[in-house]
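One structure below.
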Amino acid sequence: MNPNSPERQHVLERTRNIGIAAHIDAGKTTLTERILFYTGMIHKIGEVHHGSATTDWMEQERERGITITSAAVTTEWWQRVEEGTFKLFPEQKQRINIIDTPGHVDFTAEVERSLRVLDGAIVVFCGVAGVQPQTETVWRQATKYHVPRIVFVNKMDRTGADFDRVFGEVKEKLGANAVRILIPIGSEENLKGQIDVVNRKAVYFSDDDKFGSTYTVKELDAEQKKIADEAYNELLNAVADVDETVGEKFLMEETVTLEDLKQGIRRATIANKLIPVAGGSAFKNKGVQYLLDAVVDYLPSPLDIPAAIGMDPENEETRIEVETTDHGKFVALAFKLWADKFVGKLVFFRVYSGVVRKGDTVYNPRTRRSERVGRLIQIQANEHKDIDACYAGDIAAMVGLKNVTTGDTLAAMNHDVVLEPPTFPEPVISMAVEPKTKADQEKLALALGRLSEEDPTFNVKTDEETGQTIISGMGELHLEIIIDRLRREFKVDANTGAPQIAYRETITIAAGGEGKLVKQSGGRGQYGHVILSMKPNEKGKGLTIENKVIGGTIPKEYINAVYKGVNEAMSNGIIAGYPVVDVHVEILDGSYHDVDSNENAFTMAAIFAMKDGFKKAKSILLEPIMAVEVSTPDDYQGDVMGDLNRRRGQIQNMESKGKLAIVRANVPLKEMFGYSTAVRTLSSGRASYAMTPSHFEQVPSNIVEEIVSDRLG
């Protein structure tokens, strides 16, 4: 059955949902801007450094020259048909939905939720820096969600750019089965065009056309032919190894036609068995059009990926296949919320099945409630275009839904299916915040609520002891942007305290714990008694609980209360009151009173037993460790390494890339505050750095006292 509704303008086969992702400053937004220009969506190229890029529309993005929030745009591409070239959809219009994602580690949640709903991705690498820390994070995220990828080695016009070295790093460091499909002709100031390996042609971009719209296709010269033949043979062998159809022809020594090869590359890329690699320069307008052709040729349409699998909320064992078709029941995933000053709450969603229309009622299986869709909007960065309907495979936004959170499934009425939501890392840094005036108290609470609703990695809580409002996020920049948005968007001026690290506590040895609550003061009393044991759990396993009570010493109706007490105790350790992680608890014994026992008494008894166990199990404090990579001119390498050592850093390795030294180290987050200023001073402004959360490690004993006194005042 044809999955396309006769009403839709763009058939599913010619739809591509792609993300553009990479390390910060690799050129994602610049590439997106060129794609929008060559597809005719914009008629003037904006630049990141001028603050005029289409997808960097927030004031904070334009001021800092970085992407903070993922921006969605929809555009169209007409593939060119050249003599002797096979195109999958000759002379037909392709619809491409693009999400430009942030590269800074503080906004990694934006990448996570975008990749969850995309069908393919262009991963951008800097031709000089190659594989960088955040690139590895993005690559792992794409692998987690089985997203097919094309690699674009950007900035081939920069001094020190080396396509072959970066291609090698993609294979070695990321373990990718990478193949070259578009090889740059020249590099640095001599970058002229690309060798089209599949068609074995040379593409030259005119230097007279500053917008890169003019190019010519020529035959390869002798040197280019040698490079192209080697790359073609590698490509053919790689496809034959992973694609049965091409492999069979290859083994039987039959001719593998251009059509065979392209279809084979497509199947292998969609199956995540192959990664096509292209090179060029987005800023210098060289190579973007052929990259767009590769997106259409090799990345999947919504029909090419496996059907989404949902579950029945009543029975998690029951799996429900959500087929990509306009004729099925409506099922979508809400992957992002945004408070828009003109239309209110925007819910970004990806449709997996069915059609939703303006005015329809949609059902949320999490809340068991239905809500009416007021408006449907096609998002073009910060511009909104009203649409009447949204079909399977589409990405859009709806207005009018109130009780929705990131990761919710939206479905047809009474259709009980829940899709897997994206997962997000825990915040690593906190600070206290308070309004400058009493009048702003209510406005601050409302604004923080809105911001935490939008961003799953931004948390707000009230400290029970001090009454302060504590905000938590992924890093200094993350919280800085939040405070800036409070001031600009919500008109709330706030005072902030110094940033605080999200430490953790854990135990190091097995121990037992006993807790008893006995209150007898006339009338009905309180009685609960719990005996348990605890031991260290595997790293990252969190809390696991096993009930080993026999003989009814703790009645069954109070076991859940004991579980609740164990969970509550884990939120507050005994060293400095930080959350406790990675503990296995066994509930062994206890006692009860026929009249005085109740759930609350057993919850309190379990908390007392856990605190008793923590004291005996040699609790320790853990601190977040960051993987830091510093790129510095050779002259400053010694100073940079000395500074990292003073910050309790452990140097992991060093590497040379041209005249740059790359220093990698593991450094406690506590020691990295203000590092951007320090590294600029050390290197006369010539070094740059990136850091990503790595793991937790025990805090040295001489620093524990300092942390405890800071925490407890």
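Ligands are numbered from 1 in the order shown, chains are lettered A, B, ... in the order of the structure tokens, and residues start at 1 in each chain.
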May I have the residues within 7 Å of Tyr689 of chain A as a list of chain:residue names, using only C-alpha atoms and disregarding those fewer than 2 positions away in the same chain?
A:Glu629, A:Val630, A:Ser631, A:Ala687, A:Met691
Give me the residues within 10 Å of Leu337 of chain A as a PyMOL selection string, counting only C-alpha atoms and dropping any in the same chain fewer than 6 places off.
chain A and resi 345-349+397-398+404-407+450-456
Please produce a file of those selected residues containing N, CA, C and O atoms, as an mmCIF file, in the first residue's frame.
```cif
data_model
loop_
_atom_site.group_PDB
_atom_site.id
_atom_site.type_symbol
_atom_site.label_atom_id
_atom_site.label_comp_id
_atom_site.auth_asym_id
_atom_site.auth_seq_id
_atom_site.Cartn_x
_atom_site.Cartn_y
_atom_site.Cartn_z
ATOM 1 N N LYS A 345 3.860 28.597 24.268
ATOM 2 C CA LYS A 345 4.618 27.348 24.349
ATOM 3 C C LYS A 345 4.583 26.583 23.025
ATOM 4 O O LYS A 345 3.522 26.189 22.551
ATOM 5 N N LEU A 346 5.764 26.407 22.432
ATOM 6 C CA LEU A 346 5.893 25.621 21.208
ATOM 7 C C LEU A 346 6.332 24.207 21.567
ATOM 8 O O LEU A 346 7.266 24.019 22.349
ATOM 9 N N VAL A 347 5.669 23.211 21.024
ATOM 10 C CA VAL A 347 6.060 21.811 21.216
ATOM 11 C C VAL A 347 6.581 21.288 19.879
ATOM 12 O O VAL A 347 5.828 21.126 18.923
ATOM 13 N N PHE A 348 7.896 21.068 19.794
ATOM 14 C CA PHE A 348 8.491 20.500 18.588
ATOM 15 C C PHE A 348 8.242 18.992 18.594
ATOM 16 O O PHE A 348 8.455 18.333 19.612
ATOM 17 N N PHE A 349 7.834 18.442 17.449
ATOM 18 C CA PHE A 349 7.527 17.013 17.419
ATOM 19 C C PHE A 349 7.917 16.402 16.077
ATOM 20 O O PHE A 349 8.019 17.092 15.057
ATOM 21 N N ALA A 397 6.062 22.021 14.702
ATOM 22 C CA ALA A 397 5.765 22.426 16.083
ATOM 23 C C ALA A 397 4.269 22.670 16.199
ATOM 24 O O ALA A 397 3.599 23.011 15.219
ATOM 25 N N MET A 398 3.745 22.452 17.402
ATOM 26 C CA MET A 398 2.326 22.733 17.629
ATOM 27 C C MET A 398 2.163 23.689 18.805
ATOM 28 O O MET A 398 3.000 23.739 19.702
ATOM 29 N N VAL A 404 2.635 18.972 28.571
ATOM 30 C CA VAL A 404 3.549 18.130 27.785
ATOM 31 C C VAL A 404 4.971 18.388 28.262
ATOM 32 O O VAL A 404 5.347 19.529 28.533
ATOM 33 N N THR A 405 5.773 17.323 28.374
ATOM 34 C CA THR A 405 7.190 17.486 28.703
ATOM 35 C C THR A 405 8.032 16.848 27.606
ATOM 36 O O THR A 405 7.533 16.051 26.804
ATOM 37 N N THR A 406 9.317 17.196 27.575
ATOM 38 C CA THR A 406 10.237 16.621 26.588
ATOM 39 C C THR A 406 10.243 15.099 26.700
ATOM 40 O O THR A 406 10.394 14.552 27.784
ATOM 41 N N GLY A 407 10.070 14.438 25.556
ATOM 42 C CA GLY A 407 10.081 12.972 25.554
ATOM 43 C C GLY A 407 8.705 12.340 25.590
ATOM 44 O O GLY A 407 8.573 11.118 25.494
ATOM 45 N N ARG A 450 9.616 27.804 33.509
ATOM 46 C CA ARG A 450 9.540 27.747 32.045
ATOM 47 C C ARG A 450 10.846 27.212 31.457
ATOM 48 O O ARG A 450 10.852 26.370 30.559
ATOM 49 N N LEU A 451 11.974 27.731 31.970
ATOM 50 C CA LEU A 451 13.278 27.338 31.430
ATOM 51 C C LEU A 451 13.597 25.873 31.721
ATOM 52 O O LEU A 451 14.172 25.178 30.885
ATOM 53 N N SER A 452 13.219 25.385 32.903
ATOM 54 C CA SER A 452 13.490 23.978 33.236
ATOM 55 C C SER A 452 12.585 23.048 32.437
ATOM 56 O O SER A 452 12.936 21.911 32.143
ATOM 57 N N GLU A 453 11.414 23.552 32.073
ATOM 58 C CA GLU A 453 10.492 22.778 31.226
ATOM 59 C C GLU A 453 11.090 22.604 29.822
ATOM 60 O O GLU A 453 11.002 21.544 29.212
ATOM 61 N N GLU A 454 11.745 23.663 29.327
ATOM 62 C CA GLU A 454 12.377 23.632 28.001
ATOM 63 C C GLU A 454 13.603 22.729 27.965
ATOM 64 O O GLU A 454 13.858 22.053 26.975
ATOM 65 N N ASP A 455 14.393 22.778 29.030
ATOM 66 C CA ASP A 455 15.731 22.179 29.018
ATOM 67 C C ASP A 455 15.838 21.071 30.064
ATOM 68 O O ASP A 455 15.904 21.345 31.269
ATOM 69 N N PRO A 456 15.880 19.807 29.650
ATOM 70 C CA PRO A 456 15.917 18.695 30.606
ATOM 71 C C PRO A 456 17.209 18.624 31.424
ATOM 72 O O PRO A 456 17.259 17.923 32.425
#
```
If we count only C-alpha atoms, what is near Asp162 of chain A at a cut-off of 12 Å, once residues fewer than 2 positions away on the same chain are taken out, given as a ChimeraX atom specification?
/A:125-130,153-160,164-169,183-188,191,279-280,657-658
Give me the residues within 10 Å of segment 412-420 of chain A as a PyMOL selection string, counting only C-alpha atoms and dropping any in the same chain fewer than 3 places off.
chain A and resi 116+308-314+316+318-322+328-334+352-356+360-366+368-371+407-409+423
Using only C-alpha atoms for the distances, tell me which of A:Val151, A:Ser676, A:Ala601, A:Lys556 is nearest to Leu477 of chain A.
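Counting only C-alpha atoms, the residue closest to Leu477 of chain A is A:Ser676.
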Considering only C-alpha atoms, return as a PDB file with C-alpha atoms, in the first residue's frame whatever protein or nucleic-acid residues lie within 6 Å of segment 296-302 of chain A, sequence-local ones (same chain, fewer than 6 positions apart) excluded.
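Output file around.pdb is given in full below:
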```
ATOM      1  CA  GLU A  13      10.625   8.765  -0.547  1.00  0.00           C
ATOM      2  CA  THR A  15      12.022  13.500   2.329  1.00  0.00           C
ATOM      3  CA  ARG A  16      15.242  13.677   4.357  1.00  0.00           C
ATOM      4  CA  GLY A 120      20.480  10.821   9.211  1.00  0.00           C
ATOM      5  CA  ARG A 266      23.026   3.803   0.018  1.00  0.00           C
ATOM      6  CA  ILE A 270      21.553   3.302   5.936  1.00  0.00           C
ATOM      7  CA  GLY A 393       8.057  11.670   8.652  1.00  0.00           C
TER       8      GLY A 393
END
```
Members of segment 297-512 of chain A assigned helix (DSSP H, G or I) by DSSP, as a PyMOL selection string
chain A and resi 297-298+438-454+476-488
Nearest to Ala502 of chain A, restricted to only C-alpha atoms and choosing among A:Pro3, A:Pro421, A:Gly475, A:Gly344, comes out as A:Gly475
Pick the closest to Arg95 of chain A from A:Arg14, A:Arg350, A:Lys28, A:Lys144: which is it, counting only C-alpha atoms?
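Distance minimum relative to Arg95 of chain A lands on A:Arg14.
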Please, which residues of segment 494-595 of chain A, numbered as in this document, come out strand (DSSP E) from DSSP, as a VMD selection string?
chain A and resid 494 to 496 500 to 501 504 to 506 511 to 519 526 to 536 543 to 547 583 to 591
Excluding Gly374 of chain A and its own-chain neighbours fewer than 6 positions away, which residues fall within 9 Å of it when counting only C-alpha atoms? Please give them as a list in words.
Lys358, Gly359, Asp360, Met398, Val399, Gly400 and Leu401 of chain A
Serialized selection, N, CA, C and O atoms, as an mmCIF file, in the first residue's frame:
```
data_model
loop_
_atom_site.group_PDB
_atom_site.id
_atom_site.type_symbol
_atom_site.label_atom_id
_atom_site.label_comp_id
_atom_site.auth_asym_id
_atom_site.auth_seq_id
_atom_site.Cartn_x
_atom_site.Cartn_y
_atom_site.Cartn_z
ATOM 1 N N LYS A 358 -4.557 20.818 12.177
ATOM 2 C CA LYS A 358 -4.903 21.941 13.061
ATOM 3 C C LYS A 358 -6.318 21.727 13.594
ATOM 4 O O LYS A 358 -7.228 21.399 12.834
ATOM 5 N N GLY A 359 -6.476 21.839 14.910
ATOM 6 C CA GLY A 359 -7.792 21.642 15.520
ATOM 7 C C GLY A 359 -8.033 20.227 16.012
ATOM 8 O O GLY A 359 -9.011 19.975 16.718
ATOM 9 N N ASP A 360 -7.127 19.266 15.651
ATOM 10 C CA ASP A 360 -7.275 17.886 16.129
ATOM 11 C C ASP A 360 -7.057 17.806 17.638
ATOM 12 O O ASP A 360 -6.397 18.668 18.239
ATOM 13 N N MET A 398 3.745 22.452 17.402
ATOM 14 C CA MET A 398 2.326 22.733 17.629
ATOM 15 C C MET A 398 2.163 23.689 18.805
ATOM 16 O O MET A 398 3.000 23.739 19.702
ATOM 17 N N VAL A 399 1.087 24.439 18.748
ATOM 18 C CA VAL A 399 0.765 25.403 19.797
ATOM 19 C C VAL A 399 -0.576 24.994 20.400
ATOM 20 O O VAL A 399 -1.468 24.532 19.695
ATOM 21 N N GLY A 400 -0.701 25.162 21.714
ATOM 22 C CA GLY A 400 -1.978 24.882 22.361
ATOM 23 C C GLY A 400 -1.903 23.783 23.402
ATOM 24 O O GLY A 400 -2.811 23.642 24.220
ATOM 25 N N LEU A 401 -0.804 22.990 23.383
ATOM 26 C CA LEU A 401 -0.667 21.918 24.373
ATOM 27 C C LEU A 401 -0.024 22.473 25.643
ATOM 28 O O LEU A 401 0.961 23.196 25.583
#
```
From A:Asn459, A:Ser206, A:Asn403, A:Gln698, residue lying nearest Glu426 of chain A [only C-alpha atoms]:
A:Asn459
Would you mind telling me which residue in A:Thr245, A:Thr325, A:Asn567, A:Gln132 lies nearest to Met610 of chain A when using only C-alpha atoms?
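Looking only at the distances to Met610 of chain A, the closest residue turns out to be A:Asn567.
The space separating atom CA of Ser656 of chain A from atom CA of Ser684 of chain A comes to 19.5 Å.
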Atom CA of Gln441 of chain A to atom CA of Gly473 of chain A: how many Å, to one decimal?
21.1 Å
Of the residues A:Glu706, A:Glu557, A:Glu505, A:Glu172, which is the one nearest to Phe614 of chain A, using only C-alpha atoms?
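Smallest separation from Phe614 of chain A among the options: A:Glu505.
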Can you tell me, as a list in words, what residues are no more than 9 Å from Ile429 of chain A when counting only C-alpha atoms, ignoring any on the same chain fewer than 3 positions away?
Ile471, Ser472, Gly473, Met474, Gly475, Glu476, Leu479, Pro499, Gln500, Ile501, Ala502, Tyr503 and Leu669 of chain A
